[in-house]
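J.: This is query17.txt, which holds compact mmCIF, C-alpha atoms (C1' of nucleotides):
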```txt
# COMPACT_ATOMS: atom_id res chain seq x y z
CA MET A 1 14.13 -12.75 -19.37
CA ASP A 2 11.59 -11.32 -17.06
CA GLN A 3 8.61 -9.45 -18.39
CA ALA A 4 7.44 -12.43 -20.38
CA VAL A 5 8.46 -15.13 -17.93
CA THR A 6 7.25 -13.48 -14.78
CA PRO A 7 4.45 -15.47 -13.20
CA PRO A 8 1.27 -13.50 -13.74
CA ILE A 9 0.90 -12.71 -10.09
CA LEU A 10 -0.45 -9.22 -10.12
CA TYR A 11 -1.42 -8.91 -13.72
CA GLU A 12 -5.09 -8.72 -12.99
CA TRP A 13 -4.21 -5.67 -10.94
CA ALA A 14 -3.16 -3.87 -14.08
CA GLY A 15 -6.59 -3.53 -15.61
CA ARG A 16 -8.72 -3.77 -12.54
CA LYS A 17 -8.86 -5.53 -9.22
CA SER A 18 -10.37 -8.92 -9.10
CA ALA A 19 -10.17 -9.07 -5.36
CA GLN A 20 -7.78 -11.95 -5.36
CA PRO A 21 -5.04 -14.21 -3.98
CA ILE A 22 -1.82 -12.30 -4.80
CA ASP A 23 0.80 -13.69 -2.42
CA PRO A 24 0.80 -11.29 0.55
CA ALA A 25 4.47 -11.94 1.43
CA LEU A 26 5.55 -11.15 -2.10
CA GLU A 27 3.39 -8.09 -2.20
CA ALA A 28 4.93 -6.83 1.02
CA LEU A 29 8.39 -7.34 -0.46
CA VAL A 30 7.56 -5.54 -3.67
CA ARG A 31 5.86 -2.83 -1.70
CA ASP A 32 9.01 -2.29 0.26
CA ILE A 33 11.03 -1.84 -2.90
CA ILE A 34 8.47 0.52 -4.36
CA GLY A 35 8.64 2.53 -1.18
CA LYS A 36 12.38 2.85 -1.60
CA ILE A 37 12.65 3.62 -5.29
CA ALA A 38 9.48 5.67 -5.62
CA ASP A 39 11.49 8.71 -4.79
CA LYS A 40 11.43 12.01 -6.60
CA TRP A 41 15.18 12.20 -7.07
CA THR A 42 15.59 8.56 -8.01
CA MET A 43 13.09 8.94 -10.83
CA LEU A 44 14.63 12.16 -12.06
CA ILE A 45 18.15 10.77 -11.97
CA ILE A 46 17.16 7.65 -13.83
CA GLU A 47 15.48 9.68 -16.50
CA THR A 48 18.45 12.00 -16.82
CA LEU A 49 20.96 9.18 -17.06
CA ASP A 50 18.78 7.30 -19.50
CA ALA A 51 18.42 10.34 -21.70
CA HIS A 52 22.04 11.47 -21.62
CA GLY A 53 24.01 8.32 -20.97
CA THR A 54 27.10 8.40 -18.80
CA LEU A 55 27.49 11.61 -16.85
CA ARG A 56 29.85 13.08 -14.31
CA PHE A 57 28.72 14.09 -10.86
CA THR A 58 28.40 17.82 -11.36
CA GLU A 59 27.01 17.52 -14.84
CA LEU A 60 24.40 15.08 -13.64
CA GLY A 61 23.43 17.41 -10.85
CA HIS A 62 23.10 20.28 -13.27
CA LYS A 63 20.91 18.32 -15.67
CA VAL A 64 18.66 16.94 -12.96
CA GLY A 65 17.94 20.49 -11.94
CA ASP A 66 17.25 21.69 -8.45
CA ILE A 67 19.02 18.97 -6.54
CA SER A 68 21.53 19.70 -3.80
CA GLN A 69 24.88 17.90 -3.79
CA LYS A 70 23.92 16.17 -0.62
CA MET A 71 20.77 14.65 -2.07
CA LEU A 72 22.55 13.85 -5.28
CA THR A 73 25.27 12.04 -3.39
CA LYS A 74 22.85 10.29 -1.12
CA THR A 75 20.46 9.20 -3.84
CA LEU A 76 23.31 8.07 -6.06
CA ARG A 77 24.76 5.99 -3.23
CA GLN A 78 21.42 4.36 -2.63
CA MET A 79 21.01 3.65 -6.30
CA GLU A 80 24.48 2.24 -6.46
CA ALA A 81 23.72 -0.03 -3.54
CA ASP A 82 20.53 -1.15 -5.24
CA GLY A 83 22.47 -1.91 -8.40
CA LEU A 84 20.74 0.73 -10.49
CA VAL A 85 23.83 2.74 -11.38
CA THR A 86 27.55 2.17 -11.63
CA ARG A 87 30.01 4.58 -10.11
CA THR A 88 33.35 4.69 -11.92
CA VAL A 89 36.18 6.61 -10.36
CA HIS A 90 39.02 7.67 -12.64
CA PRO A 91 42.02 8.31 -10.40
CA VAL A 92 43.25 11.41 -12.17
CA VAL A 93 44.37 14.73 -10.82
CA PRO A 94 41.07 16.54 -11.08
CA PRO A 95 38.80 13.81 -9.78
CA HIS A 96 36.61 12.31 -12.45
CA VAL A 97 33.65 10.14 -11.50
CA ASP A 98 31.27 8.71 -14.05
CA TYR A 99 27.77 7.56 -13.33
CA ALA A 100 25.88 5.30 -15.69
CA LEU A 101 22.74 3.18 -15.57
CA THR A 102 23.14 -0.57 -15.17
CA ASP A 103 20.89 -2.94 -17.09
CA LEU A 104 18.76 -3.08 -13.99
CA GLY A 105 18.52 0.68 -13.84
CA ARG A 106 17.74 0.90 -17.53
CA GLY A 107 14.99 -1.64 -17.02
CA LEU A 108 13.51 0.47 -14.28
CA GLY A 109 13.80 3.48 -16.54
CA ALA A 110 11.85 1.70 -19.22
CA ALA A 111 9.19 0.80 -16.68
CA PHE A 112 9.02 4.40 -15.54
CA CYS A 113 8.50 5.46 -19.10
CA SER A 114 4.79 4.70 -18.96
CA VAL A 115 4.46 6.93 -15.93
CA TRP A 116 6.39 9.56 -17.81
CA THR A 117 4.12 9.22 -20.78
CA TRP A 118 1.11 9.44 -18.54
CA ALA A 119 2.40 12.63 -16.94
CA GLU A 120 3.09 14.08 -20.34
CA ALA A 121 -0.42 13.30 -21.46
CA HIS A 122 -2.20 14.53 -18.36
CA TYR A 123 -0.31 17.44 -16.91
CA ASP A 124 -2.98 19.82 -18.07
CA ASP A 125 -5.68 17.76 -16.37
CA ILE A 126 -3.67 17.94 -13.18
CA GLU A 127 -3.17 21.66 -13.38
CA GLN A 128 -6.85 22.10 -14.03
CA SER A 129 -7.71 19.96 -11.03
CA ARG A 130 -5.33 21.95 -8.90
CA ALA A 131 -6.86 25.23 -9.95
CA ALA A 132 -10.36 23.90 -9.30
CA PHE A 133 -9.32 22.56 -5.93
CA ALA A 134 -7.65 25.81 -4.94
CA ALA A 135 -10.73 27.76 -5.98
CA ARG A 136 -12.92 25.38 -4.01
CA GLN A 137 -10.76 25.83 -0.94
CA GLY A 138 -10.49 29.54 -1.32
CA ALA A 139 -14.24 29.81 -1.63
CA VAL A 140 -14.78 28.20 1.78
CA MET B 1 -7.96 6.32 -24.08
CA ASP B 2 -4.47 7.52 -23.57
CA GLN B 3 -1.64 5.11 -24.16
CA ALA B 4 -2.50 4.69 -27.81
CA VAL B 5 -3.44 8.27 -28.60
CA THR B 6 -0.52 10.00 -26.90
CA PRO B 7 1.71 11.79 -29.38
CA PRO B 8 5.01 9.90 -29.57
CA ILE B 9 7.03 12.67 -28.00
CA LEU B 10 9.40 10.81 -25.78
CA TYR B 11 8.99 7.35 -27.17
CA GLU B 12 12.55 7.08 -28.32
CA TRP B 13 13.42 7.58 -24.71
CA ALA B 14 11.71 4.35 -23.84
CA GLY B 15 14.14 2.01 -25.51
CA ARG B 16 17.22 4.13 -25.47
CA LYS B 17 18.31 7.72 -25.79
CA SER B 18 18.86 9.01 -29.24
CA ALA B 19 20.17 12.32 -27.95
CA GLN B 20 17.31 14.26 -29.38
CA PRO B 21 14.85 17.13 -29.71
CA ILE B 22 12.24 16.37 -27.04
CA ASP B 23 10.73 19.76 -26.25
CA PRO B 24 12.65 21.09 -23.22
CA ALA B 25 9.75 23.14 -21.91
CA LEU B 26 7.48 20.15 -21.99
CA GLU B 27 10.09 18.01 -20.34
CA ALA B 28 10.48 20.54 -17.54
CA LEU B 29 6.73 20.53 -17.05
CA VAL B 30 6.49 16.77 -16.96
CA ARG B 31 9.50 16.65 -14.70
CA ASP B 32 7.76 18.93 -12.27
CA ILE B 33 4.74 16.67 -12.13
CA ILE B 34 6.86 13.58 -11.71
CA GLY B 35 8.60 15.30 -8.85
CA LYS B 36 5.28 15.93 -7.17
CA ILE B 37 3.62 12.58 -7.62
CA ALA B 38 6.73 10.44 -7.29
CA ASP B 39 6.09 9.93 -3.65
CA LYS B 40 6.23 6.72 -1.69
CA TRP B 41 2.81 7.11 -0.11
CA THR B 42 1.14 8.34 -3.28
CA MET B 43 2.19 5.20 -5.10
CA LEU B 44 1.18 2.93 -2.28
CA ILE B 45 -2.19 4.62 -1.90
CA ILE B 46 -2.90 4.39 -5.59
CA GLU B 47 -2.08 0.73 -5.60
CA THR B 48 -4.24 0.11 -2.56
CA LEU B 49 -7.21 1.99 -3.95
CA ASP B 50 -6.82 0.35 -7.32
CA ALA B 51 -6.73 -3.08 -5.76
CA HIS B 52 -9.58 -2.62 -3.31
CA GLY B 53 -11.76 0.02 -4.86
CA THR B 54 -13.51 2.59 -2.71
CA LEU B 55 -12.26 2.66 0.85
CA ARG B 56 -12.84 4.62 4.01
CA PHE B 57 -10.14 6.65 5.66
CA THR B 58 -9.20 4.28 8.44
CA GLU B 59 -9.56 1.19 6.31
CA LEU B 60 -7.35 2.71 3.65
CA GLY B 61 -4.72 3.56 6.22
CA HIS B 62 -4.81 0.04 7.54
CA LYS B 63 -4.41 -1.54 4.12
CA VAL B 64 -1.62 0.77 3.05
CA GLY B 65 0.30 -0.40 6.05
CA ASP B 66 2.71 1.69 8.04
CA ILE B 67 1.34 5.09 7.23
CA SER B 68 0.53 7.62 9.90
CA GLN B 69 -2.83 9.37 9.85
CA LYS B 70 -1.05 12.61 9.28
CA MET B 71 0.69 11.44 6.13
CA LEU B 72 -2.45 9.69 4.98
CA THR B 73 -4.44 12.88 5.36
CA LYS B 74 -1.76 14.98 3.76
CA THR B 75 -1.13 12.68 0.82
CA LEU B 76 -4.84 12.21 0.24
CA ARG B 77 -5.31 15.98 0.19
CA GLN B 78 -2.57 16.38 -2.35
CA MET B 79 -3.99 13.60 -4.47
CA GLU B 80 -7.43 15.13 -4.24
CA ALA B 81 -6.02 18.47 -5.35
CA ASP B 82 -4.28 16.78 -8.26
CA GLY B 83 -7.52 15.10 -9.25
CA LEU B 84 -6.28 11.59 -8.58
CA VAL B 85 -8.85 10.68 -5.95
CA THR B 86 -12.32 11.75 -4.97
CA ARG B 87 -13.22 12.43 -1.37
CA THR B 88 -16.85 11.79 -0.56
CA VAL B 89 -18.16 12.83 2.82
CA HIS B 90 -21.35 11.19 4.00
CA PRO B 91 -22.83 13.48 6.63
CA VAL B 92 -23.98 10.76 8.97
CA VAL B 93 -23.66 10.42 12.69
CA PRO B 94 -20.45 8.41 12.76
CA PRO B 95 -18.45 10.29 10.12
CA HIS B 96 -18.05 8.32 6.94
CA VAL B 97 -15.58 9.43 4.27
CA ASP B 98 -14.99 7.43 1.12
CA TYR B 99 -11.94 7.68 -1.05
CA ALA B 100 -11.86 6.39 -4.60
CA LEU B 101 -9.63 6.73 -7.61
CA THR B 102 -10.71 9.04 -10.39
CA ASP B 103 -10.15 8.05 -14.01
CA LEU B 104 -7.00 10.11 -13.88
CA GLY B 105 -5.79 8.28 -10.81
CA ARG B 106 -6.65 4.93 -12.32
CA GLY B 107 -4.66 5.87 -15.39
CA LEU B 108 -1.66 6.67 -13.27
CA GLY B 109 -2.14 3.38 -11.47
CA ALA B 110 -2.12 1.52 -14.75
CA ALA B 111 1.00 3.37 -15.87
CA PHE B 112 2.68 2.64 -12.61
CA CYS B 113 1.85 -1.01 -12.96
CA SER B 114 4.91 -1.61 -15.14
CA VAL B 115 7.09 -0.35 -12.35
CA TRP B 116 5.29 -2.69 -10.03
CA THR B 117 5.88 -5.57 -12.37
CA TRP B 118 9.51 -4.61 -12.69
CA ALA B 119 9.93 -4.51 -8.92
CA GLU B 120 8.26 -7.87 -8.62
CA ALA B 121 10.61 -9.32 -11.20
CA HIS B 122 13.80 -7.81 -9.85
CA TYR B 123 13.58 -7.59 -6.11
CA ASP B 124 16.02 -10.46 -5.76
CA ASP B 125 18.52 -8.68 -8.01
CA ILE B 126 18.21 -5.64 -5.82
CA GLU B 127 18.70 -7.56 -2.63
CA GLN B 128 21.71 -9.25 -4.13
CA SER B 129 23.17 -5.91 -5.15
CA ARG B 130 22.56 -4.54 -1.70
CA ALA B 131 24.33 -7.45 -0.07
CA ALA B 132 27.28 -7.14 -2.45
CA PHE B 133 27.45 -3.41 -1.87
CA ALA B 134 27.32 -3.82 1.90
CA ALA B 135 30.08 -6.43 1.75
CA ARG B 136 32.17 -4.15 -0.43
CA GLN B 137 31.73 -1.30 2.03
CA GLY B 138 32.37 -3.45 5.07
CA ALA B 139 35.55 -4.82 3.47
CA VAL B 140 37.05 -1.34 3.17
C1' DC C 1 -16.83 6.55 17.19
C1' DT C 2 -14.36 8.46 12.83
C1' DG C 3 -11.77 11.98 10.37
C1' DG C 4 -8.34 15.03 10.99
C1' DA C 5 -5.93 19.13 13.24
C1' DT C 6 -2.37 20.35 16.60
C1' DC C 7 1.85 20.00 19.45
C1' DC C 8 6.30 17.94 20.21
C1' DG C 9 10.55 15.11 19.38
C1' DG C 10 13.43 12.85 15.94
C1' DT C 11 14.91 12.49 11.30
C1' DT C 12 15.73 14.29 6.72
C1' DT C 13 16.76 18.10 3.66
C1' DG C 14 19.00 22.16 1.89
C1' DA C 15 22.68 26.06 1.70
C1' DT C 16 27.00 27.14 2.55
C1' DA C 17 31.74 26.36 3.53
C1' DC C 18 35.71 23.29 3.54
C1' DT C 19 38.99 19.32 2.05
C1' DG C 20 41.60 16.00 -1.11
C1' DC D 1 35.82 18.26 -9.50
C1' DA D 2 33.75 15.27 -6.25
C1' DG D 3 32.45 14.91 -2.04
C1' DT D 4 32.12 15.85 3.25
C1' DA D 5 31.00 18.91 7.50
C1' DT D 6 28.11 21.88 9.68
C1' DC D 7 23.96 24.17 11.00
C1' DA D 8 19.25 25.80 10.28
C1' DA D 9 14.85 24.74 8.42
C1' DA D 10 11.38 21.76 6.92
C1' DC D 11 9.30 17.47 7.34
C1' DC D 12 7.63 12.92 9.41
C1' DG D 13 5.53 10.18 12.92
C1' DG D 14 3.12 9.54 17.34
C1' DA D 15 0.17 10.95 20.81
C1' DT D 16 -3.31 13.84 21.97
C1' DC D 17 -7.21 16.75 21.38
C1' DC D 18 -11.28 18.52 18.75
C1' DA D 19 -15.52 18.43 15.73
C1' DG D 20 -19.43 16.10 14.01
```
Show me the file's structure as structure tokens.
T.:
Amino acid sequence: MDQAVTPPILYEWAGRKSAQPIDPALEALVRDIIGKIADKWTMLIIETLDAHGTLRFTELGHKVGDISQKMLTKTLRQMEADGLVTRTVHPVVPPHVDYALTDLGRGLGAAFCSVWTWAEAHYDDIEQSRAAFAARQGAV
Amino acid sequence: MDQAVTPPILYEWAGRKSAQPIDPALEALVRDIIGKIADKWTMLIIETLDAHGTLRFTELGHKVGDISQKMLTKTLRQMEADGLVTRTVHPVVPPHVDYALTDLGRGLGAAFCSVWTWAEAHYDDIEQSRAAFAARQGAV
DNA sequence: CTGGATCCGGTTTGATACTG
DNA sequence: CAGTATCAAACCGGATCCAG
């Protein structure tokens, strides 16, 4: 009950600017959120959880890749606070903690998917640009 | 010329996981790129440039908001290297440098738009979650 | 006067070791 | 296994200084 119902406030931004009204207060608010969730680890964790479903702490860390426990803990806490993931503690002898995406988190994951698709489609362009840029710099 | 043509490699990821084949090497590659562009300032700069078009250094910094010149310079450099923005220097008496999105950068902006829309639609959910989480923590 | 490079202080991050 | 504690390193932001 959102995508379709959302007032078309920044829709014209999607295709192109039309240099227009967009509520500044709202934009500031949204901007703040973007600033907080547009984090490398947040994106990677969301993708991992979305792809694999419920995961335990260590397993999640392993699948995400090069993340330290500290950042994993920290990012997970932030995401939990933001309502993106649930943290379920099973009080058993060897501690067992499950992390899973909430509906909110899954929604964000779906939104990220277009970025993901974009990256998948353009990584070679990026690498090419990087090589060209490096060559340009090296030449100076 | 991308969204529609892109091979449906991780499309099943969009809706839900189906615990499946997705090329691991490709995923690692894409993951690497996501890790590099998933940056707070990168997103904010893309949005700003997409909304306002070509901008000068100082003007861009002002519109982005709370960014320091150092981070603006650094992020812009990275984005230039990645081929997301063009940096045009006009050799005039008062230095004049224009920054504009490339097609690649615009594409990323468009992809990121869904995240923007999501944030716009759910910021109240997030704030609610944060309040609940804070209360839960404070209560302990 | 603008873009941006440099130096310094504070914060964040990462590696390792330790506890429940 | 899941996290915390500790310390060193890297990074961020602000002010200042430099080049055109």
J.: Tell me which of B:Asp103, B:Asp50, B:Glu59, B:Asp66 sits closest to chain A, counting only C-alpha atoms.
T.: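 Counting only C-alpha atoms, the residue closest to chain A is B:Asp50.
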J.: Can you tell me how far CA of Gly65 in chain A sits from C1' of DG3 in chain D, in Å to one decimal?
T.: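 Here the two named atoms are 18.4 Å from each other.
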J.: Residues of chain B that approach chain C to 12 Å or less, counting all atoms listed in the file: could you list each one with the shortest pair of atoms and its distance in Å to one decimal, rows by chain and increasing residue number, as a tab-separated table?
T.:
```
residue	atom	partner	partner_atom	distance
B:Arg56	CA	C:DT2	C1'	9.7
B:Phe57	CA	C:DG3	C1'	7.3
B:Thr58	CA	C:DT2	C1'	8.0
B:Glu59	CA	C:DT2	C1'	10.9
B:Gly61	CA	C:DG3	C1'	11.7
B:Ser68	CA	C:DG4	C1'	11.6
B:Gln69	CA	C:DG4	C1'	8.0
B:Lys70	CA	C:DG4	C1'	7.9
B:Met71	CA	C:DG4	C1'	10.9
B:Leu72	CA	C:DG4	C1'	10.0
B:Thr73	CA	C:DG4	C1'	7.2
B:Lys74	CA	C:DG4	C1'	9.8
B:Leu76	CA	C:DG4	C1'	11.7
B:Arg77	CA	C:DG4	C1'	11.3
B:Arg87	CA	C:DG3	C1'	11.8
B:Val89	CA	C:DG3	C1'	9.9
B:His90	CA	C:DG3	C1'	11.5
B:Pro91	CA	C:DT2	C1'	11.6
B:Val92	CA	C:DT2	C1'	10.6
B:Val93	CA	C:DC1	C1'	9.0
B:Pro94	CA	C:DC1	C1'	6.0
B:Pro95	CA	C:DT2	C1'	5.2
B:His96	CA	C:DT2	C1'	7.0
B:Val97	CA	C:DG3	C1'	7.6
B:Asp98	CA	C:DG3	C1'	10.8
```
J.: Considering all atoms listed in the file, give me a table of residues in chain D that are at most 10 Å from chain A, with the closest atom pair and distance in Å for each, as CSV.
T.:
```
residue,atom,partner,partner_atom,distance
D:DC1,C1',A:Pro95,CA,5.4
D:DA2,C1',A:Pro95,CA,6.3
D:DG3,C1',A:Thr73,CA,7.8
D:DT4,C1',A:Lys70,CA,9.1
```
J.: Those selected residues, please, written with C-alpha atoms (C1' of nucleotides) and delivered as a compact mmCIF listing (two decimals), in the coordinates of the input.
T.:
```txt
# COMPACT_ATOMS: atom_id res chain seq x y z
C1' DC D 1 35.82 18.26 -9.50
C1' DA D 2 33.75 15.27 -6.25
C1' DG D 3 32.45 14.91 -2.04
C1' DT D 4 32.12 15.85 3.25
```
J.: Compute the set of chain A residues within 6 Å of chain B, using only C-alpha atoms, and express it as a list in words.
T.: Ala14, Lys17, Val30, Gly35, Ala38, Asp39, Lys40, Ala51, Ala81, Asp82, Gly83, Ala110, Ala111, Cys113, Ser114, Val115, Ala119, Glu120, Ile126, Ser129, Arg130 and Phe133 of chain A
J.: I'd like the interatomic distance between CA of Leu101 in chain A and CA of Leu55 in chain A, to a tenth of an Å.
T.: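 One can read the CA of Leu101 in chain A to CA of Leu55 in chain A distance as 9.8 Å.
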J.: Can you tell me how far CA of Thr75 in chain A sits from CA of Ala25 in chain B, in Å to one decimal?
T.: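 Interatomic distance, CA of Thr75 in chain A to CA of Ala25 in chain B: 25.2 Å.
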